[in-house]
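A.B. asks: Take this structure first; my questions come after.
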Amino acid sequence: MSVVSRRKFLGAGAAVAATTALPARARPRLRRHGDLRDIKHVVVVMQENRSFDHYFGSMRGVRGFGDRATILLPGGKTVWEQPHTPVASAPTQYPWPLSGTHNYNGNAPPTAELGAANYPGTSHSWEDQHGAWYGGLMNGWVLAKGGPTTLGFLSRHDLPYHYALADAYTIGDAYHCSVLSATGPNRTYLWGGSINASKQHGSFIAYSGGDEMGRFLPWKAYGETLQAAGVSWHVYQCADDYGDNGMEYFAAFAVFDPDQGGTPAPGNPYYDHGVANVPTDQRLEMTNADDIAEAIRSDVLNGTLPEVSWVVNNQFFSEHPVTAPSNGAYFLKALLNALNADPEVFNSTLVIINYDENDGQFDHVPPPVPPQGEFDEFVDSGTLGAYGVNAPLPVGFGFRVPLILVSPWTRGGWVTSEVSDHTSVLQFLEKWTTALGKPAHCPNISPWRRQVAGDLVNAFDFSSPVYGLPRLPDPGALIPEVEYTPLPGNNSMPTQEPGRKPARPLPFQPNVNLVDLSTDANGGLVAYLALSNVAPFVTKASHFAVYNNLAAVPTFAAYPGAFPSQYTVAAGEVHIGTGAIGARPGDTAYDITVVGPNRFLRRYVGDTEAAGSDAWVEVTYDDMDQRGHDSNDQPKLKLLLRNDARRSVTFTITFNNYSLRARQTVRVNAHDREASVLDVCANSDGWYDLTITVSSDSSWSQRLTGHLETGRASITG
C-alpha cells in the first residue's frame with residue numbers, strides 16, 4: 001500500500017550509513033530522591049489529529065459529555081447542539097458515535113466498528129479552525145468542517161487500549177493544542193515554543209500547516225537548548241516520518257536534511273540526533289512501529305537511551321484519520337514494551353503521549369485566548385480574507401487534545417485538569433533539567449503563554465510511585481487504510497460513563513462576582529465583573545471568557561469586538577472586567593455566562609428594571625487567604641447575600657449537583673446582608689453547583705459552579 005507522506009523518503013543506503021549510535025554510558029542503579037530527579041528519561045510521543053471529546057468525551061471522571069459547566073450558543077441552545085450554520089434558527093446535531101450508525105456516504109464497511117476506525121477525518125486548516133471557533137462562540141463546527149463528521153466520536157468500545165492506558169496512568173482533560181491551525185504549527189510549538197507570530201525572528205510566521213519545509217526556521221529549537229545544557233537527546237524516526245519531525249525544519253537541523261537541500265553530516269550531533277533515521281529502518285510501512293521500537297529497545301539494553309527522546313512514526317501508526325486508532329495502540333504498546341526491556345529503565349522513565357491538533361473533530365471547551373496585543377500571540381490581518389476579517393487573529397490556544405502521562409509517578413487512574421498546551425512539555429523539561437542541575441530554558445515561549453499554560457509538575461506524586469508495566473489489552477491485528485464515511489445514526493445527547501477519578505492539585509483558583517450594572521452613553525447595558533485568582537498555592541493565571549447570551553449571532557467579520565470578552569488574571573490578582581450586555585441598546589434584560597478553568601461557571605440572569613436589581617451575591621472562598629499550603633483546614637464557600645431594596649427579600653439556594661442538601665432559604669431585611677457558609681470541601685470534595693433565586697423577582701437568578709482548590713489532591717467533578 002502506498003504511503004501518503006508529506007516528505008520524500010531518504011535513500012536507504014545513505015540513511016543507514018548516516019545513522020550513528022549514542023555514546024554508551026553506565027546504567028545507574030535507581031536512587032529515590034522523592035522529586036523530579038527520580039525521572040531519568042523523558043520520552044515524548046506526539047500522535048496525530050484527535051480531539052479530547054472525540055476520544056475521551058465518554059470516559060468516566062473527565063471533563064467530557066457529562067460536563068455541566070458549558071457555554072450556551074447564540075439563541076440559547078447548548079454547546080452540544082451544533083448548528084448546521086452559525087445562526088440561531090439553523091438545524092442542529094449532537095455529537096454522535098462513529099460506530100453507532102448504519103448510515104454511510106458511499107460504501108458501507110463490513111462492520112460499524114471498522115467504519116469508525118477508518119473514518120476519513122475532517123478539515124483542520126488555520127482558516128477553518130478559526131471558523132469552527134467562530135471568535136469564541138464555538139458555533140461554526142459543522143459549516144467550517146464541511147458536515148456532521150466533525151461531531152463523530154469514539155468510546156471505550158472503540159479504543160480499549162487507549163482507555164486502559166488512561167485508566168492505569170494519568171489523563172489530562174485541559175490540555176490544548178497550541179494553535180488554532182494544523183499539524184505543522186502545533187509541532188513547531190512542541191519543538192520550538194513559538195511560530196514567530198510577532199516576527200521577532202524574521203518575516204515568516206509558521207501559522208499555516210505544511211509550509212515549514214524549506215523555511216529554515218531561524219529561532220532556536222529545543223534540541224539546541226538541550227545540547228547546550230549538556231542534556232542527552234535524540235529523535236527516533238524512520239525515513240518515512242510523515243513530515244512530523246518538527247525539529248528538522250529549524251535552521252540548525254535543516255542544513256543537514258536532504259529533503260530541504262541539506263547535506264548529511266555524520267558526527268554532527270544535530271544530524272545524528274535530530275535528522276538521521278534509526279538503523280533498524282526496513283523502509284516498509286507496516287514495520288515502522290517495530291523498527292522504531294527495536295532501536296529504542298537496543299538503546300535501553302545498551303544503556304544508551306538518552307535523557308530526552310522524541311518518537312516520530314509514519315502515517316499508518318500515527319492515528320491520523322484514515323488510520324485506525326488500534327494501529328496507534330500497536331505502536332504505543334511496542335514502545336512501552338521496548339522501554340520495559342530493562343524494567344529499571346522503564347521504572348525511571350516518563351512517557352508523554354499527546355496529539356498535535358484536533359483534526360477537525362469537535363471539542364466543547366472554549367480554549368483560552370489572550371487579550372488583543374499580547375506579544376507573539378496574534379497574527380496580522382489578511383489570513384482570513386475570505387471571511388472579511390481584517391483584525392489580527394489569535395494564535396491559540398487551540399482546542400483540547402488528549403494527554404496521557406505514563407510513569408511510576410502518574411500511575412493510578414488520575415486526572416490532571418491543569419490548563420496546558422504543547423509549551424507545557426517544554427516548561428516541564430525546563431523544570432526537570434533544572435532539578436538535574438542542567439537547566440535548559442526555552443527562550444521562545446511568550447509571556448502570556450507562560451502565565452496560562454501549566455508545567456505538568458502537579459500531575460506527579462513522587463512519594464508513592466507504582467513500578468512495573470501493567471497488563472494492557474492486545475491492540476489486535478493491524479487494520480489497512482480503507483476509507484469509510486459514517487453519517488449520524490442518531491441526534492441525541494451522548495452519555496458519559498458514570499463515576500469519578502482522583503484528581504491532581506491545580507495551580508489556580510478562579511472566582512467571579514457581578515459587582516455592578518450600568519448604562520453607557522448609548523443606553524446599552526454594561527456589566528462590571530470582579531475576576532479573581534487568589535489562594536496561597538496559586539502560581540498560574542486563570543483565564544475567563546465572558547458571554548453575552550442575549551446578543552445576536554455576529555458576522556465573523558465583526559471579530560473581535562462583537563465576540564466574547566477574554567480575560568487573563570494572573571496569580572494573586574483581581575481584575576475588573578467590563579462589557580456590553582443585553583440584546584441591543586435600550587434593553588434592560590441581561591443574561592451573562594462566565595467560564596473559566598476546571599468546570600468553573602457563573603451565569604447571571606435578570607432585568608435592571610425589575611425588583612431583582614436590588615439583589616446581589618458576593619462569593620468568597622472563606623479565609624482562603626489565611627490558609628497555608630500545608631494546612632489541614634479546608635476553605636469554605638461563603639455567600640454574602642445583599643438586599644438593597646426597601647423591603648425584606650428571601651434568597652433561595654438550590655443545590656443542583658454534588659449535594660443532597662435540601663433547598664436553603666435566607667431572609668434578608670431591607671438594606672441589609674446575610675452570610676451563608678457552605679462546607680463544600682467536607683461535603684462534596686470541594687465541588688459546588690448552586691442556583692440562587694429571590695422571592696421578589698422570578699426573572700432573577702445566579703448560577704455558581706466550580707471547585708475549591710486546596711493545593712492538594714481531590715476528586716474530579
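In the C-alpha cells, chains take the letters A, B, ... in the order shown, each chain's residues start at 1, and ligands count up from 1 in the order shown.
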Please provide as a list in words all residues within 10 Å of A:Val369, with the sequence filter that same-chain residues fewer than 3 positions apart are discarded (counting only C-alpha atoms).
C.D. replies: Gly135, Gly136, Pro366, Gln372, Glu377, Phe378, Pro394, Val395, Gly396, Phe397, Gly398, Trp448, Arg449, Val452, His543, Phe544, Ala545, Ser565, Gln566, Tyr567 and Thr568 of chain A
A.B. asks: Kindly provide the residues of stretch 639-692 of chain A that approach stretch 65-82 of chain A to within 12 Å, each paired with its closest atom pair and their distance in Å to one decimal, based on only C-alpha atoms, listed by chain and increasing number, as a tab-separated table.
C.D. replies:
residue	atom	partner	partner_atom	distance
A:Asn656	CA	A:Arg68	CA	10.1
A:Asn657	CA	A:Arg68	CA	9.2
A:Tyr658	CA	A:Arg68	CA	11.3
A:Trp687	CA	A:Ala69	CA	11.8
A:Tyr688	CA	A:Ala69	CA	11.0
A:Asp689	CA	A:Arg68	CA	8.9
A:Leu690	CA	A:Ala69	CA	11.5
A.B. asks: Between atom CA of A:Tyr222 and atom CA of A:Lys431, what is the distance, to one decimal in Å?
C.D. replies: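 The value is 13.9 Å.
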A.B. asks: Please report the interatomic distance between atom CA of A:His201 and atom CA of A:Trp219 in Å with one decimal.
C.D. replies: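 That distance, rounded to one decimal, is 6.1 Å.
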A.B. asks: Would you mind listing what lies within 10 Å of stretch 153-162 of chain A as a PyMOL selection string, with only C-alpha atoms counted and same-chain residues fewer than 5 positions away left out?
C.D. replies: chain A and resi 50-59+95-100+113-114+116-117+167-168+324-326+328-330+332-333+361-362+404+472-476+494+496-497
A.B. asks: Between atom CA of A:Tyr169 and atom CA of A:Pro402, measure the distance and give it in Å to one decimal.
C.D. replies: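 Computing it gives 13.1 Å between the two atoms.
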A.B. asks: Between A:Thr150, A:Asn490, A:Thr225, A:Asn302, which has the minimum distance to A:Asn358 (counting only C-alpha atoms)?
C.D. replies: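 When distances to A:Asn358 are compared using only C-alpha atoms, the smallest one comes from A:Thr150.
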A.B. asks: So, counting only C-alpha atoms, which residue among A:Gly193, A:Pro371, A:Gly579, A:Pro306 is closest to A:Lys220?
C.D. replies: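 With only C-alpha atoms as the atom set, the closest residue is A:Gly193.
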A.B. asks: Do a neighbour search on A:Ser532 at 12 Å with only C-alpha atoms, toss out local chain neighbours closer than 4 positions, and write the hits as a PyMOL selection string.
C.D. replies: chain A and resi 508-514+538+541-544+567-577+596+619-621
A.B. asks: So that I can check the surroundings of A:Ala391, please list as a count of residues only every protein, DNA and RNA residue that reaches within 10 Å of it, counting only C-alpha atoms and ignoring chain neighbours fewer than 4 positions away.
C.D. replies: 13
A.B. asks: Which residue gives the smallest distance to A:Asp455 among A:Leu478, A:Leu143, A:Val425, A:Val45, with only C-alpha atoms counted?
C.D. replies: A:Val425
A.B. asks: Please provide the set of residues having any atom within 9 Å of A:Pro480, restricted to only C-alpha atoms, with same-chain residues fewer than 4 positions apart removed, written as a list of chain:residue names.
C.D. replies: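 My reading of the contact set: A:Met1, A:Asn118, A:Phe316, A:Thr323, A:Ala324.
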A.B. asks: Restricting the calculation to only C-alpha atoms: of A:Ser178, A:Asn337, A:Ser492, A:Gln664, which residue gets closest to A:Pro367?
C.D. replies: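 Comparing A:Ser178, A:Asn337, A:Ser492, A:Gln664 against A:Pro367, the winner is A:Ser178.
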A.B. asks: Fewer than 5 positions away in the same chain doesn't count, so skip those; otherwise give me all residues within 9 Å of stretch 350-357 of chain A, counting only C-alpha atoms, as a ChimeraX atom specification.
C.D. replies: /A:39-51,124,175-187,190,332,336,398-410,422,425
A.B. asks: Please determine, counting only C-alpha atoms, which residue among A:Thr304, A:Asn444, A:Thr654, A:Ser659 has the shortest atom-to-atom distance to A:Val694.
C.D. replies: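 Closest to A:Val694, using only C-alpha atoms: A:Thr654.
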A.B. asks: Using DSSP on the backbone, list every residue of stretch 297-446 of chain A that comes out as strand (DSSP E), and give them as a list in words.
C.D. replies: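 Across stretch 297-446 of chain A, those assigned strand (DSSP E) are Val308, Ser309, Trp310, Val311, Thr349, Leu350, Val351, Ile352, Ile353, Asn354, Tyr355, Phe378, Val379, Leu393, Pro394, Leu403, Ile404, Leu405, Val406, Trp414, Val415 and Thr416 of chain A.
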A.B. asks: Let me make sure I understand: among A:Val482, A:Ala589, A:Ala675, A:Val515, which one has the smallest atom-to-atom distance to A:Pro110 if we use only C-alpha atoms?
C.D. replies: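 The answer is A:Val482, which sits nearest to A:Pro110.
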